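Novice: Pasting query.pdb here (PDB, C-alpha atoms, pLDDT in the B column):
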ATOM      1  CA  MET A 172     101.890 -33.203 110.148  1.00 91.00           C
ATOM      2  CA  SER A 173     100.169 -33.885 113.480  1.00 94.00           C
ATOM      3  CA  LEU A 174      97.218 -35.417 111.620  1.00 95.00           C
ATOM      4  CA  LEU A 175      99.382 -37.973 109.794  1.00 97.00           C
ATOM      5  CA  LYS A 176     100.577 -41.361 110.986  1.00 97.00           C
ATOM      6  CA  PRO A 177     104.381 -41.753 111.459  1.00 95.00           C
ATOM      7  CA  GLU A 178     105.061 -43.366 108.068  1.00 95.00           C
ATOM      8  CA  TYR A 179     103.183 -40.610 106.266  1.00 97.00           C
ATOM      9  CA  GLN A 180     104.861 -37.953 108.400  1.00 96.00           C
ATOM     10  CA  GLN A 181     108.206 -39.263 107.131  1.00 95.00           C
ATOM     11  CA  ARG A 182     106.923 -39.172 103.579  1.00 95.00           C
ATOM     12  CA  THR A 183     105.812 -35.555 104.000  1.00 95.00           C
ATOM     13  CA  VAL A 184     109.194 -34.532 105.413  1.00 95.00           C
ATOM     14  CA  GLN A 185     110.908 -36.303 102.520  1.00 95.00           C
ATOM     15  CA  GLU A 186     108.675 -34.389 100.101  1.00 94.00           C
ATOM     16  CA  ALA A 187     109.416 -31.023 101.734  1.00 94.00           C
ATOM     17  CA  TYR A 188     113.152 -31.704 101.840  1.00 95.00           C
ATOM     18  CA  HIS A 189     113.412 -32.406  98.126  1.00 94.00           C
ATOM     19  CA  GLN A 190     111.002 -29.632  97.168  1.00 92.00           C
ATOM     20  CA  MET A 191     113.215 -27.080  98.915  1.00 93.00           C
ATOM     21  CA  ARG A 192     116.313 -28.488  97.195  1.00 93.00           C
ATOM     22  CA  GLY A 193     114.794 -28.037  93.749  1.00 91.00           C
ATOM     23  CA  GLN A 194     114.049 -31.716  93.190  1.00 91.00           C
ATOM     24  CA  ALA A 195     110.295 -31.422  92.751  1.00 89.00           C
ATOM     25  CA  MET A 196     108.483 -34.497  91.467  1.00 91.00           C
ATOM     26  CA  TRP A 197     105.049 -33.127  90.624  1.00 90.00           C
ATOM     27  CA  PRO A 198     102.829 -35.683  88.876  1.00 90.00           C
ATOM     28  CA  SER A 199     101.619 -33.182  86.252  1.00 86.00           C
ATOM     29  CA  THR A 200     105.233 -32.508  85.214  1.00 90.00           C
ATOM     30  CA  PHE A 201     105.336 -35.965  83.641  1.00 92.00           C
ATOM     31  CA  CYS A 202     101.638 -36.261  82.736  1.00 90.00           C
ATOM     32  CA  TRP A 203     101.161 -38.748  85.539  1.00 91.00           C
ATOM     33  CA  PRO A 204      97.662 -39.062  87.045  1.00 88.00           C
ATOM     34  CA  GLU A 205      96.670 -36.142  89.243  1.00 85.00           C
ATOM     35  CA  GLY A 206      95.059 -38.270  91.951  1.00 89.00           C
ATOM     36  CA  PHE A 207      91.930 -37.862  94.021  1.00 93.00           C
ATOM     37  CA  MET A 208      93.129 -35.023  96.302  1.00 93.00           C
ATOM     38  CA  ARG A 209      94.260 -32.865  93.359  1.00 88.00           C
ATOM     39  CA  ARG A 210      90.774 -31.387  93.242  1.00 89.00           C
ATOM     40  CA  TRP A 211      91.434 -29.746  96.623  1.00 90.00           C
ATOM     41  CA  TYR A 212      94.951 -28.546  95.830  1.00 84.00           C
ATOM     42  CA  PRO A 213      94.845 -24.712  95.994  1.00 76.00           C
ATOM     43  CA  ALA A 214      96.734 -24.084  92.747  1.00 74.00           C
ATOM     44  CA  ALA A 215      94.546 -26.550  90.862  1.00 70.00           C
ATOM     45  CA  VAL A 216      91.097 -25.276  91.784  1.00 72.00           C
ATOM     46  CA  ALA A 217      89.533 -24.317  88.461  1.00 76.00           C
ATOM     47  CA  GLU A 218      85.954 -23.728  87.402  1.00 83.00           C
ATOM     48  CA  HIS A 219      83.616 -26.593  88.276  1.00 87.00           C
ATOM     49  CA  TYR A 220      81.030 -27.710  85.736  1.00 87.00           C
ATOM     50  CA  VAL A 221      78.103 -29.422  87.442  1.00 91.00           C
ATOM     51  CA  VAL A 222      75.332 -31.369  85.695  1.00 92.00           C
ATOM     52  CA  ALA A 223      72.650 -32.603  88.096  1.00 94.00           C
ATOM     53  CA  THR A 224      69.711 -34.936  87.512  1.00 95.00           C
ATOM     54  CA  PRO A 225      67.623 -36.866  90.062  1.00 96.00           C
ATOM     55  CA  ASP A 226      69.566 -40.066  89.324  1.00 96.00           C
ATOM     56  CA  PHE A 227      73.048 -38.931  88.289  1.00 97.00           C
ATOM     57  CA  VAL A 228      75.341 -35.969  88.967  1.00 97.00           C
ATOM     58  CA  GLN A 229      78.630 -35.188  87.253  1.00 95.00           C
ATOM     59  CA  VAL A 230      81.233 -32.705  88.485  1.00 92.00           C
ATOM     60  CA  ARG A 231      84.021 -31.812  86.062  1.00 88.00           C
ATOM     61  CA  THR A 232      87.097 -29.705  86.763  1.00 84.00           C
ATOM     62  CA  GLY A 233      90.888 -29.889  86.584  1.00 71.00           C
ATOM     63  CA  ARG A 234      93.936 -28.369  84.940  1.00 64.00           C
ATOM     64  CA  ILE A 235      95.911 -30.970  83.048  1.00 58.00           C
ATOM     65  CA  GLU A 236      94.281 -34.355  83.504  1.00 53.00           C
ATOM     66  CA  ASN A 237      90.578 -33.557  83.717  1.00 71.00           C
ATOM     67  CA  PHE A 238      88.870 -34.563  86.951  1.00 84.00           C
ATOM     68  CA  ASP A 239      85.458 -36.210  86.579  1.00 87.00           C
ATOM     69  CA  GLN A 240      83.368 -37.159  89.587  1.00 93.00           C
ATOM     70  CA  ASP A 241      80.415 -39.318  88.576  1.00 96.00           C
ATOM     71  CA  ILE A 242      77.914 -39.521  91.426  1.00 98.00           C
ATOM     72  CA  HIS A 243      75.542 -42.507  91.220  1.00 98.00           C
ATOM     73  CA  ILE A 244      72.388 -41.556  93.106  1.00 98.00           C
ATOM     74  CA  GLY A 245      70.685 -44.326  95.079  1.00 97.00           C
ATOM     75  CA  ARG A 246      73.293 -47.031  94.424  1.00 97.00           C
ATOM     76  CA  GLN A 247      74.890 -49.152  97.153  1.00 98.00           C
ATOM     77  CA  PHE A 248      78.544 -50.105  97.547  1.00 98.00           C
ATOM     78  CA  ASP A 249      79.661 -53.715  97.372  1.00 98.00           C
ATOM     79  CA  MET A 250      80.884 -54.427 100.920  1.00 97.00           C
ATOM     80  CA  THR A 251      82.130 -57.970 100.181  1.00 96.00           C
ATOM     81  CA  ASP A 252      85.813 -57.280 100.853  1.00 95.00           C
ATOM     82  CA  VAL A 253      85.454 -54.914 103.817  1.00 97.00           C
ATOM     83  CA  ALA A 254      85.626 -57.613 106.509  1.00 95.00           C
ATOM     84  CA  ALA A 255      88.899 -58.836 104.990  1.00 95.00           C
ATOM     85  CA  GLY A 256      90.440 -55.361 104.993  1.00 94.00           C
ATOM     86  CA  GLY A 257      89.173 -54.146 101.638  1.00 96.00           C
ATOM     87  CA  VAL A 258      87.175 -50.996 100.933  1.00 97.00           C
ATOM     88  CA  PRO A 259      83.619 -50.389  99.678  1.00 98.00           C
ATOM     89  CA  ARG A 260      83.428 -50.316  95.882  1.00 98.00           C
ATOM     90  CA  LEU A 261      81.077 -50.256  92.921  1.00 97.00           C
ATOM     91  CA  GLY A 262      83.042 -52.189  90.310  1.00 93.00           C
ATOM     92  CA  PRO A 263      85.878 -54.736  90.458  1.00 95.00           C
ATOM     93  CA  PRO A 264      88.289 -54.568  93.439  1.00 94.00           C
ATOM     94  CA  VAL A 265      90.676 -52.293  91.542  1.00 96.00           C
ATOM     95  CA  PRO A 266      91.438 -48.829  92.979  1.00 96.00           C
ATOM     96  CA  ARG A 267      90.535 -45.869  90.743  1.00 96.00           C
ATOM     97  CA  TRP A 268      92.448 -42.612  90.491  1.00 94.00           C
ATOM     98  CA  TYR A 269      89.341 -40.612  91.401  1.00 94.00           C
ATOM     99  CA  GLY A 270      87.566 -43.377  93.283  1.00 97.00           C
ATOM    100  CA  GLU A 271      83.903 -44.358  92.885  1.00 98.00           C
ATOM    101  CA  THR A 272      81.055 -42.268  94.266  1.00 98.00           C
ATOM    102  CA  ILE A 273      77.507 -42.906  95.376  1.00 98.00           C
ATOM    103  CA  GLY A 274      75.087 -40.346  96.799  1.00 98.00           C
ATOM    104  CA  PHE A 275      71.585 -39.351  97.770  1.00 98.00           C
ATOM    105  CA  TRP A 276      69.454 -36.219  97.874  1.00 98.00           C
ATOM    106  CA  ASP A 277      68.303 -34.739 101.190  1.00 97.00           C
ATOM    107  CA  LYS A 278      65.788 -32.306  99.682  1.00 96.00           C
ATOM    108  CA  ASP A 279      68.077 -29.932  97.740  1.00 96.00           C
ATOM    109  CA  VAL A 280      71.308 -31.026  99.470  1.00 98.00           C
ATOM    110  CA  LEU A 281      73.466 -33.646  97.750  1.00 98.00           C
ATOM    111  CA  ILE A 282      75.429 -35.977 100.050  1.00 98.00           C
ATOM    112  CA  THR A 283      78.064 -38.264  98.527  1.00 98.00           C
ATOM    113  CA  TRP A 284      80.406 -41.060  99.591  1.00 98.00           C
ATOM    114  CA  THR A 285      83.587 -41.812  97.633  1.00 98.00           C
ATOM    115  CA  SER A 286      85.659 -44.976  98.092  1.00 98.00           C
ATOM    116  CA  ASN A 287      88.009 -47.312  96.183  1.00 98.00           C
ATOM    117  CA  VAL A 288      90.603 -44.546  95.676  1.00 97.00           C
ATOM    118  CA  GLN A 289      94.124 -45.146  94.393  1.00 97.00           C
ATOM    119  CA  GLY A 290      96.696 -43.912  96.907  1.00 97.00           C
ATOM    120  CA  TRP A 291      98.819 -41.069  95.497  1.00 96.00           C
ATOM    121  CA  LYS A 292      99.794 -37.447  96.157  1.00 93.00           C
ATOM    122  CA  SER A 293      99.098 -33.980  94.782  1.00 84.00           C
ATOM    123  CA  HIS A 294     102.204 -31.959  94.022  1.00 81.00           C
ATOM    124  CA  SER A 295     103.812 -31.027  97.359  1.00 80.00           C
ATOM    125  CA  GLU A 296     100.828 -32.029  99.491  1.00 85.00           C
ATOM    126  CA  PHE A 297     100.734 -35.052 101.807  1.00 92.00           C
ATOM    127  CA  GLU A 298     100.443 -38.576 100.438  1.00 96.00           C
ATOM    128  CA  PHE A 299      97.340 -40.680 101.063  1.00 97.00           C
ATOM    129  CA  SER A 300      96.659 -44.406 100.898  1.00 97.00           C
ATOM    130  CA  ASN A 301      94.284 -46.729  99.051  1.00 97.00           C
ATOM    131  CA  ARG A 302      92.023 -46.514 102.099  1.00 97.00           C
ATOM    132  CA  MET A 303      91.124 -42.895 101.396  1.00 98.00           C
ATOM    133  CA  GLN A 304      87.383 -42.194 101.489  1.00 98.00           C
ATOM    134  CA  SER A 305      85.357 -38.986 101.543  1.00 98.00           C
ATOM    135  CA  ILE A 306      81.923 -37.787 102.555  1.00 98.00           C
ATOM    136  CA  GLU A 307      80.917 -34.623 100.688  1.00 98.00           C
ATOM    137  CA  MET A 308      77.934 -32.310 100.995  1.00 98.00           C
ATOM    138  CA  TYR A 309      76.820 -29.888  98.289  1.00 98.00           C
ATOM    139  CA  THR A 310      74.454 -27.301  99.787  1.00 98.00           C
ATOM    140  CA  PRO A 311      72.823 -24.499  97.748  1.00 97.00           C
ATOM    141  CA  ILE A 312      73.771 -20.932  98.627  1.00 98.00           C
ATOM    142  CA  ARG A 313      70.903 -18.507  98.112  1.00 97.00           C
ATOM    143  CA  GLU A 314      70.662 -14.731  98.278  1.00 96.00           C
ATOM    144  CA  ASN A 315      67.150 -13.314  98.552  1.00 96.00           C
ATOM    145  CA  GLY A 316      65.911 -16.688  97.346  1.00 94.00           C
ATOM    146  CA  LYS A 317      68.145 -16.704  94.250  1.00 96.00           C
ATOM    147  CA  PHE A 318      70.602 -19.566  93.773  1.00 95.00           C
ATOM    148  CA  ILE A 319      74.124 -18.078  93.653  1.00 96.00           C
ATOM    149  CA  GLY A 320      76.392 -21.054  94.319  1.00 96.00           C
ATOM    150  CA  LEU A 321      77.246 -24.148  96.333  1.00 97.00           C
ATOM    151  CA  ASN A 322      78.784 -24.712  99.722  1.00 98.00           C
ATOM    152  CA  HIS A 323      81.048 -27.752  99.371  1.00 97.00           C
ATOM    153  CA  GLU A 324      82.012 -29.531 102.586  1.00 98.00           C
ATOM    154  CA  ALA A 325      84.277 -32.580 102.426  1.00 98.00           C
ATOM    155  CA  VAL A 326      85.426 -34.879 105.226  1.00 98.00           C
ATOM    156  CA  PHE A 327      88.281 -37.254 104.393  1.00 98.00           C
ATOM    157  CA  TYR A 328      88.891 -40.588 106.122  1.00 98.00           C
ATOM    158  CA  ASP A 329      92.086 -42.600 105.661  1.00 98.00           C
ATOM    159  CA  ASP A 330      92.966 -45.036 108.429  1.00 96.00           C
ATOM    160  CA  GLY A 331      96.134 -45.872 106.526  1.00 96.00           C
ATOM    161  CA  ALA A 332      97.536 -42.322 106.581  1.00 97.00           C
ATOM    162  CA  PHE A 333      95.508 -40.174 109.004  1.00 97.00           C
ATOM    163  CA  VAL A 334      95.205 -40.268 112.784  1.00 97.00           C
ATOM    164  CA  GLN A 335      91.838 -38.514 112.476  1.00 97.00           C
ATOM    165  CA  PRO A 336      89.581 -37.289 109.651  1.00 97.00           C
ATOM    166  CA  LEU A 337      90.339 -34.063 107.766  1.00 96.00           C
ATOM    167  CA  ARG A 338      87.716 -31.463 106.826  1.00 97.00           C
ATOM    168  CA  ILE A 339      87.743 -28.866 104.029  1.00 96.00           C
ATOM    169  CA  VAL A 340      84.917 -26.363 103.447  1.00 97.00           C
ATOM    170  CA  ARG A 341      84.732 -24.002 100.477  1.00 94.00           C
ATOM    171  CA  ASN A 342      82.190 -22.114  98.386  1.00 95.00           C
ATOM    172  CA  PHE A 343      81.614 -22.264  94.649  1.00 94.00           C
ATOM    173  CA  ILE A 344      80.071 -19.068  93.307  1.00 95.00           C
ATOM    174  CA  LYS A 345      77.928 -19.461  90.195  1.00 93.00           C
ATOM    175  CA  ILE A 346      79.458 -17.836  87.102  1.00 88.00           C
ATOM    176  CA  ASN A 347      76.937 -18.842  84.451  1.00 85.00           C
ATOM    177  CA  GLN A 348      74.860 -21.835  83.423  1.00 80.00           C
ATOM    178  CA  TYR A 349      74.579 -24.239  80.533  1.00 74.00           C
ATOM    179  CA  GLY A 350      72.824 -22.562  77.628  1.00 72.00           C
ATOM    180  CA  ASP A 351      74.215 -19.092  78.325  1.00 71.00           C
ATOM    181  CA  LYS A 352      75.548 -17.558  75.139  1.00 70.00           C
ATOM    182  CA  ALA A 353      78.536 -16.191  77.047  1.00 68.00           C
ATOM    183  CA  GLU A 354      79.425 -19.533  78.574  1.00 68.00           C
ATOM    184  CA  THR A 355      82.943 -20.787  77.900  1.00 70.00           C
ATOM    185  CA  PRO A 356      82.796 -24.497  76.929  1.00 72.00           C
ATOM    186  CA  PHE A 357      84.667 -26.969  79.091  1.00 70.00           C
ATOM    187  CA  VAL A 358      88.087 -27.486  77.501  1.00 72.00           C
ATOM    188  CA  SER A 359      89.000 -31.165  77.534  1.00 74.00           C
ATOM    189  CA  SER A 360      92.799 -31.164  77.437  1.00 76.00           C
ATOM    190  CA  HIS A 361      95.241 -34.029  77.216  1.00 81.00           C
ATOM    191  CA  CYS A 362      98.666 -33.832  78.779  1.00 84.00           C
ATOM    192  CA  ILE A 363     101.531 -34.485  76.334  1.00 89.00           C
ATOM    193  CA  GLN A 364     104.781 -35.229  78.114  1.00 92.00           C
ATOM    194  CA  THR A 365     107.752 -33.056  77.099  1.00 94.00           C
ATOM    195  CA  ILE A 366     109.720 -33.208  80.377  1.00 95.00           C
ATOM    196  CA  TYR A 367     111.589 -36.384  81.280  1.00 95.00           C
ATOM    197  CA  LEU A 368     113.964 -37.438  84.027  1.00 93.00           C
ATOM    198  CA  LYS A 369     117.677 -37.475  83.299  1.00 91.00           C
ATOM    199  CA  ASP A 370     119.752 -38.632  86.285  1.00 91.00           C
ATOM    200  CA  GLY A 371     116.857 -37.638  88.517  1.00 92.00           C
ATOM    201  CA  VAL A 372     116.592 -34.102  87.105  1.00 93.00           C
ATOM    202  CA  ASN A 373     113.609 -32.768  85.167  1.00 93.00           C
ATOM    203  CA  GLU A 374     114.742 -31.993  81.638  1.00 94.00           C
ATOM    204  CA  PRO A 375     112.648 -30.586  78.755  1.00 95.00           C
ATOM    205  CA  LEU A 376     113.256 -32.477  75.530  1.00 95.00           C
ATOM    206  CA  VAL A 377     112.792 -31.422  71.914  1.00 94.00           C
ATOM    207  CA  PRO A 378     111.392 -33.671  69.156  1.00 94.00           C
ATOM    208  CA  GLY A 379     113.992 -36.192  68.037  1.00 95.00           C
ATOM    209  CA  ALA A 380     115.867 -36.308  71.333  1.00 94.00           C
ATOM    210  CA  LYS A 381     116.818 -39.780  72.556  1.00 92.00           C
ATOM    211  CA  ILE A 382     117.270 -40.729  76.199  1.00 90.00           C
ATOM    212  CA  GLU A 383     117.544 -43.830  78.330  1.00 91.00           C
ATOM    213  CA  PHE A 384     114.156 -44.233  80.001  1.00 91.00           C
ATOM    214  CA  GLU A 385     113.270 -46.175  83.143  1.00 93.00           C
ATOM    215  CA  MET A 386     109.617 -47.138  83.287  1.00 93.00           C
ATOM    216  CA  PRO A 387     108.251 -45.885  86.632  1.00 94.00           C
ATOM    217  CA  ASP A 388     106.262 -48.089  88.982  1.00 95.00           C
ATOM    218  CA  MET A 389     103.078 -46.032  89.122  1.00 94.00           C
ATOM    219  CA  PHE A 390     101.830 -47.926  92.178  1.00 92.00           C
ATOM    220  CA  GLY A 391     105.100 -47.815  94.123  1.00 92.00           C
ATOM    221  CA  ARG A 392     105.743 -44.118  94.921  1.00 95.00           C
ATOM    222  CA  PRO A 393     107.754 -43.356  91.754  1.00 96.00           C
ATOM    223  CA  TRP A 394     108.804 -39.929  93.085  1.00 96.00           C
ATOM    224  CA  ALA A 395     110.390 -41.506  96.174  1.00 96.00           C
ATOM    225  CA  HIS A 396     112.214 -44.052  94.000  1.00 96.00           C
ATOM    226  CA  VAL A 397     113.910 -41.209  92.094  1.00 96.00           C
ATOM    227  CA  TRP A 398     114.843 -39.290  95.253  1.00 96.00           C
ATOM    228  CA  GLU A 399     116.273 -42.358  96.965  1.00 95.00           C
ATOM    229  CA  GLN A 400     118.220 -43.432  93.878  1.00 95.00           C
ATOM    230  CA  TYR A 401     119.827 -40.104  93.002  1.00 95.00           C
ATOM    231  CA  PHE A 402     119.731 -37.823  96.039  1.00 95.00           C
ATOM    232  CA  GLU A 403     119.666 -39.945  99.198  1.00 94.00           C
ATOM    233  CA  PRO A 404     122.660 -42.308  99.015  1.00 92.00           C
ATOM    234  CA  GLY A 405     124.303 -42.385 102.435  1.00 90.00           C
ATOM    235  CA  MET A 406     121.251 -40.971 104.188  1.00 89.00           C
ATOM    236  CA  SER A 407     119.563 -43.057 106.881  1.00 83.00           C
ATOM    237  CA  ARG A 408     115.964 -43.197 108.014  1.00 78.00           C
ATOM    238  CA  PRO A 409     114.776 -42.963 111.639  1.00 73.00           C
ATOM    239  CA  GLU A 410     114.637 -46.295 113.398  1.00 76.00           C
ATOM    240  CA  PRO A 411     111.070 -47.486 114.015  1.00 70.00           C
ATOM    241  CA  GLU A 412     109.912 -47.168 117.593  1.00 67.00           C
ATOM    242  CA  ASP A 413     110.337 -50.365 119.610  1.00 65.00           C
ATOM    243  CA  LEU A 414     107.125 -51.034 121.478  1.00 58.00           C
ATOM    244  CA  PHE A 415     108.992 -53.314 123.912  1.00 63.00           C
ATOM    245  CA  ASP A 416     111.826 -50.902 124.728  1.00 63.00           C
ATOM    246  CA  PHE A 417     111.636 -50.617 128.534  1.00 62.00           C
ATOM    247  CA  SER A 418     114.727 -48.392 128.773  1.00 62.00           C
ATOM    248  CA  LYS A 419     112.590 -45.299 128.168  1.00 59.00           C
ATOM    249  CA  LYS A 420     110.928 -43.627 131.093  1.00 57.00           C
TER     250      LYS A 420
END
Is it possible to express this structure as structure tokens?

Specialist:
Amino acid sequence: MSLLKPEYQQRTVQEAYHQMRGQAMWPSTFCWPEGFMRRWYPAAVAEHYVVATPDFVQVRTGRIENFDQDIHIGRQFDMTDVAAGGVPRLGPPVPRWYGETIGFWDKDVLITWTSNVQGWKSHSEFEFSNRMQSIEMYTPIRENGKFIGLNHEAVFYDDGAFVQPLRIVRNFIKINQYGDKAETPFVSSHCIQTIYLKDGVNEPLVPGAKIEFEMPDMFGRPWAHVWEQYFEPGMSRPEPEDLFDFSKK
């Protein structure tokens, strides 16, 4: 909480309040996008499949909606919109659920930069904004000269949500490699929604069931819309701090 700006602190408290009251609004429940930070959510960390070439690296993982990180080696971000408050990007100025990533090799260490991320949340974790960016470092772990895994260090920058950068370090231990006969192929799954909202409550539906459906605004905090509509009538929010209030000592 201390690393979040006031607006995002309020959002985190709102999230915790409704989680504890049984009103969870997890994106995967409704087959909504998982969002960029889902890859670091403890319950979602699955096997990572890494394909590396000198010019392109792909990292695949995920539970429900598969997470693909395409790393474009040697490319440069378009900085056209940065002076006007935009973010670095590769393609059109449209945020992407997993952002866009460029990188370079420092000998056998891969260093990446991700930008142009769509603001979202991951289950009961904190929310982040469209200004989210990350710098990641993939460093080989060796034992007696043998490659046994990767150290993955990520530093997250979000001047919309954070008061300072966040850092997560973890290790990936090698299980097998492409071509191994015992290797389990990557399972590409597609989420099929069977749980829908009825008066703000998650309800499993069977084939043939008919309900009244409100199309969510996927770019307007749809979880908060449900909480405020069904569970927060009569509740009030803290008044914003008045910068010109001279009554305080």

Novice: Care to translate the PyMOL selection byres ((chain A and resi 288) around 6) into actual residues of this file, as a list in words?

Specialist: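 Answer for the PyMOL selection byres ((chain A and resi 288) around 6): Pro266, Arg267, Trp268, Tyr269, Gly270, Ser286, Asn287, Gln289, Asn301 and Met303 of chain A.
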
Novice: Please write the residues picked by the PyMOL selection byres ((chain A and resi 308) around 9) on this file as a list in words.

Specialist: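 Checked against the file, the PyMOL selection byres ((chain A and resi 308) around 9) matches Val280, Leu281, Ile282, Thr283, Ile306, Glu307, Tyr309, Thr310, Asn322, His323, Glu324, Ala325 and Val326 of chain A.
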
Novice: What do you get, as a VMD selection string, if you spell out every residue that the PyMOL selection byres ((chain A and resi 338) around 7) selects here?

Specialist: chain A and resid 325 to 327 336 to 337 339 to 340

Novice: Rounded to one decimal in Å, what is the spacing between atom CA of Gln180 of chain A and atom CA of Phe297 of chain A?

Specialist: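 It comes out at 8.3 Å.
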
Novice: Which value, in Å to one decimal, gives the distance between atom CA of Pro204 of chain A and atom CA of Ser293 of chain A?

Specialist: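 Atom CA of Ser293 of chain A lies 9.4 Å from atom CA of Pro204 of chain A.
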
Novice: Choose the residue, out of A:Trp197, A:Phe343, A:Trp203, A:Trp291, that has the smallest atom-to-atom separation from Val216 of chain A; count only C-alpha atoms.

Specialist: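 Using only C-alpha atoms, the shortest distance to Val216 of chain A belongs to A:Phe343.
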
Novice: Please, what distance in Å, to one decimal, runs between atom CA of Asp249 of chain A and atom CA of Pro264 of chain A?

Specialist: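 Interatomic distance, atom CA of Asp249 of chain A to atom CA of Pro264 of chain A: 9.5 Å.
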
Novice: Compile the contact shell of Pro213 of chain A as a PyMOL selection string: residues with an atom at most 12 Å away, counting only C-alpha atoms, same-chain residues fewer than 4 positions apart removed.

Specialist: chain A and resi 208-209+217+233-234+293-296+339+341

Novice: Now that the selection is made, can you save its residues with C-alpha atoms as a CSV table (one decimal), keeping the file's coordinate frame?

Specialist:
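In the end it all went to selection_28.csv:
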chain,number,residue,atom,x,y,z
A,208,MET,CA,93.1,-35.0,96.3
A,209,ARG,CA,94.3,-32.9,93.4
A,217,ALA,CA,89.5,-24.3,88.5
A,233,GLY,CA,90.9,-29.9,86.6
A,234,ARG,CA,93.9,-28.4,84.9
A,293,SER,CA,99.1,-34.0,94.8
A,294,HIS,CA,102.2,-32.0,94.0
A,295,SER,CA,103.8,-31.0,97.4
A,296,GLU,CA,100.8,-32.0,99.5
A,339,ILE,CA,87.7,-28.9,104.0
A,341,ARG,CA,84.7,-24.0,100.5

Novice: Which residues are near Val184 of chain A? Cut-off 12 Å, all atoms listed in the file, ignore same chain within fewer than 2 positions. Put them as a ChimeraX atom specification.

Specialist: /A:172,175,177-182,186-191,295-298,395,408-409

Novice: Which residues come within 7 Å of Val230 of chain A, counting all atoms listed in the file, excluding same-chain residues fewer than 3 positions away, as a PyMOL selection string?

Specialist: chain A and resi 219-222+239-241

Novice: Give me the residues near Pro375 of chain A as a compact mmCIF listing (two decimals) with C-alpha atoms, in the coordinates of the input, where near means some atom within 9 Å (using all atoms listed in the file) and where sequence neighbours in that chain fewer than 4 positions away do not count.

Specialist:
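This is the output file out07.txt:
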# COMPACT_ATOMS: atom_id res chain seq x y z
CA THR A 365 107.75 -33.06 77.10
CA ILE A 366 109.72 -33.21 80.38
CA TYR A 367 111.59 -36.38 81.28
CA LEU A 368 113.96 -37.44 84.03
